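Chemist: Structure in C-alpha cells, see below.
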Amino acid sequence: MMQAGIAMSHLANVIGISVEDAALVADLKAGYEGAFALLIGQYHHPLYSLIARSINDPADAADITQEVFIKVFRSIRGFHGESSLRTWLYRIALHEASNQRRWWSRHKRQEVTIDSPLEQEDGDNNICLSSMLADESNSPFDNVAQAEVRERVEAALRQVPEAFRTVLVLREIEGFAYEEIAEILNVNLGTVKSRLTRGRAALRALIVGESNSPKNNIATPFDLRTSEEMVMQ
C-alpha cells in the first residue's frame with residue numbers, strides 16, 4: 001500500500017496533478033458516487049460564480065453549472081492529467097458559458113426590453129475587485145452600503161467586454177496564476193496580461209463613471225467614501 005502511494009505521488013508530480021486530485025480522479029473514473037458528491041461539494045460554488053459572471057443572464061447560471069457537472073461525469077475518463085483538475089473544470093465551465101452566450105445572441109437578445117488591491121505591473125492605483133465583491137461588513141448599515149457597492153461593481157463588470165471580463169474574473173476573483181489562465185483560455189501569457197490590463201482599465205472607467213453620474217449625487221458621505229476609496233485604492 002505504501003509503495004502504491006509513493007508510486008501515485010511520483011506519477012502525480014510527473015503529470016502536474018496533486019496527489020489529492022489524482023486520487024479523486026481515480027475514484028471518479030471508477031464511478032464512485034461519493035467521489036462525484038465530493039467534486040460537486042468542492043467546485044459547485046466557484047464554478048457557479050464564474051458562470052454567473054460570464055453570461056448575459058445570471059439566472060441561467062444554475063442550469064449551466066448542472067450541465068458542466070454532467071459534462072464532467074460523461075468525459076472524466078478522457079481526463080489524463082495534462083492540466084490540474086481545477087483548470088480542466090474551469091475550461092469546461094467557460095466553454096459552456098460561451099455556448100450559452102452564443103445561444104443568447106441568436107435567440108434571446110431581441111427579448112430584452114429594459115434597460116489584495118489588484119496588482120498591476122506599472123504600479124498604478126488599482127481597483128480592489130475581490131474586496132469589493134466580498135461581504136465582510138458587520139453592521140446592518142455597513143451591509144447595505146457594501147451591498148450597493150457590490151451591485152455597482154457587478155453591473156460594471158458585466159459591461160466589460162467578454163474576453164477581458166473572463167480574465168478579470170479568473171485572476172482577481174478566482175485567484176488563478178497567469179500561466180493557469182493562459183492554459184484555461186488556450187492563449188499565450190502576453191495575451192493574458194494584455195487582457196487583464198485592458199480589463200482593469202475598462203472596469204475602473206465604468207465604476208468611476210457610474211460614481212460621477214448625476215443619479216449618484218444624492219449618496220450619503222459614507223456611500224461616497226466607500227465607492228471612491230474602494231475604486232481608487
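Chain labels follow the order of the C-alpha cells: the first chain is A, the next B, and so on; residue numbering restarts at 1 in every chain, and ligands are counted from 1 in their shown order.
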Write out as a PyMOL selection string each polymer residue whose atoms come within 12 Å of Phe176 in chain A, counting only C-alpha atoms; drop sequence neighbours fewer than 3 positions from it.
Modeler: chain A and resi 84+86-87+90+166-173+179-185+192
Chemist: Once you have the residues from the selection above, write them out as a tab-separated table (two decimals), in the first residue's frame, restricted to N, CA and C atoms.
Modeler:
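Heads up, here's the output in out-v8.tsv:
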```
chain	number	residue	atom	x	y	z
A	84	SER	N	-4.18	20.60	-14.29
A	84	SER	CA	-4.78	20.29	-13.00
A	84	SER	C	-6.28	20.04	-13.19
A	86	ARG	N	-8.66	21.32	-11.45
A	86	ARG	CA	-9.33	22.62	-11.35
A	86	ARG	C	-9.30	23.36	-12.69
A	87	THR	N	-8.14	23.38	-13.32
A	87	THR	CA	-8.01	24.05	-14.61
A	87	THR	C	-8.95	23.41	-15.64
A	90	TYR	N	-12.59	24.42	-14.95
A	90	TYR	CA	-12.87	25.81	-15.33
A	90	TYR	C	-12.92	25.96	-16.84
A	166	THR	N	-13.52	37.81	-18.60
A	166	THR	CA	-13.15	36.45	-18.22
A	166	THR	C	-11.80	36.42	-17.52
A	167	VAL	N	-10.83	37.15	-18.07
A	167	VAL	CA	-9.51	37.18	-17.44
A	167	VAL	C	-9.57	37.86	-16.08
A	168	LEU	N	-10.35	38.94	-15.97
A	168	LEU	CA	-10.51	39.61	-14.68
A	168	LEU	C	-11.07	38.67	-13.62
A	169	VAL	N	-12.12	37.94	-13.99
A	169	VAL	CA	-12.74	37.03	-13.02
A	169	VAL	C	-11.78	35.91	-12.63
A	170	LEU	N	-11.10	35.33	-13.60
A	170	LEU	CA	-10.19	34.23	-13.31
A	170	LEU	C	-9.03	34.68	-12.43
A	171	ARG	N	-8.51	35.88	-12.69
A	171	ARG	CA	-7.34	36.35	-11.95
A	171	ARG	C	-7.71	36.96	-10.61
A	172	GLU	N	-8.63	37.92	-10.61
A	172	GLU	CA	-8.85	38.72	-9.43
A	172	GLU	C	-9.89	38.15	-8.47
A	173	ILE	N	-10.78	37.32	-8.97
A	173	ILE	CA	-11.79	36.72	-8.10
A	173	ILE	C	-11.48	35.26	-7.81
A	179	GLU	N	-0.19	31.86	-15.71
A	179	GLU	CA	0.07	30.66	-16.51
A	179	GLU	C	-1.15	29.76	-16.57
A	180	GLU	N	-1.88	29.66	-15.45
A	180	GLU	CA	-3.08	28.84	-15.43
A	180	GLU	C	-4.17	29.43	-16.32
A	181	ILE	N	-4.30	30.75	-16.30
A	181	ILE	CA	-5.30	31.40	-17.14
A	181	ILE	C	-4.98	31.17	-18.61
A	182	ALA	N	-3.69	31.30	-18.95
A	182	ALA	CA	-3.28	31.05	-20.33
A	182	ALA	C	-3.64	29.63	-20.75
A	183	GLU	N	-3.49	28.68	-19.83
A	183	GLU	CA	-3.81	27.28	-20.13
A	183	GLU	C	-5.31	27.09	-20.28
A	184	ILE	N	-6.08	27.70	-19.40
A	184	ILE	CA	-7.53	27.57	-19.47
A	184	ILE	C	-8.08	28.14	-20.77
A	185	LEU	N	-7.58	29.31	-21.15
A	185	LEU	CA	-8.10	30.01	-22.33
A	185	LEU	C	-7.39	29.65	-23.61
A	192	VAL	N	-2.80	37.15	-21.95
A	192	VAL	CA	-3.44	37.21	-20.63
A	192	VAL	C	-3.14	38.54	-19.95
```
Chemist: Would you pick out the contacts of Ala30 in chain A at 12 Å or less, using only C-alpha atoms, so that residues sharing its chain but fewer than 5 positions from it are not included, and give the list as number ranges by chain?
Modeler: A: 23-25, 35-36, 73, 76-77
Chemist: If you keep C-alpha atoms, can you produce a file of those selected residues as an mmCIF file, in the first residue's frame?
Modeler:
```cif
data_model
loop_
_atom_site.group_PDB
_atom_site.id
_atom_site.type_symbol
_atom_site.label_atom_id
_atom_site.label_comp_id
_atom_site.auth_asym_id
_atom_site.auth_seq_id
_atom_site.Cartn_x
_atom_site.Cartn_y
_atom_site.Cartn_z
ATOM 1 C CA ALA A 23 -6.950 10.034 -6.028
ATOM 2 C CA LEU A 24 -10.208 11.893 -6.688
ATOM 3 C CA VAL A 25 -9.878 11.439 -10.440
ATOM 4 C CA ALA A 35 -16.361 10.989 -5.451
ATOM 5 C CA PHE A 36 -18.852 12.923 -7.562
ATOM 6 C CA PHE A 73 -19.415 12.944 -15.480
ATOM 7 C CA ILE A 76 -13.929 12.220 -16.880
ATOM 8 C CA ARG A 77 -12.411 9.108 -18.456
#
```
Chemist: So, with only C-alpha atoms as the atoms that count, which of A:Glu67, A:Asp21, A:Glu148, A:Glu96 lies closest to Gln42 in chain A?
Modeler: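 Using only C-alpha atoms, the shortest distance to Gln42 in chain A belongs to A:Asp21.
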Chemist: Work out how far CA of Gly78 in chain A is from CA of Ala62 in chain A, in Å to one decimal.
Modeler: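 Computing it gives 24.8 Å between the two atoms.
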Chemist: Could you give me, as a PyMOL selection string, the residues within 7 Å of Leu203 in chain A, counting only C-alpha atoms and dropping anything in the same chain fewer than 5 positions from it?
Modeler: chain A and resi 156-157+160
Chemist: Choose the residue, out of A:Glu20, A:Glu154, A:Asp27, A:Glu162, that has the smallest atom-to-atom separation from Ser98 in chain A; count only C-alpha atoms.
Modeler: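 Under the stated criterion, the closest residue is A:Glu162.
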Chemist: Hey, which of A:His95, A:Arg204, A:Arg195, A:His80 ends up closest to Val153 in chain A? Count only C-alpha atoms.
Modeler: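 Ranking A:His95, A:Arg204, A:Arg195, A:His80 by distance to Val153 in chain A, first place goes to A:Arg204.
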Chemist: Separation of CA of Ile92 in chain A and CA of Val68 in chain A, in Å?
Modeler: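 Calculated distance between CA of Ile92 in chain A and CA of Val68 in chain A is 6.5 Å.
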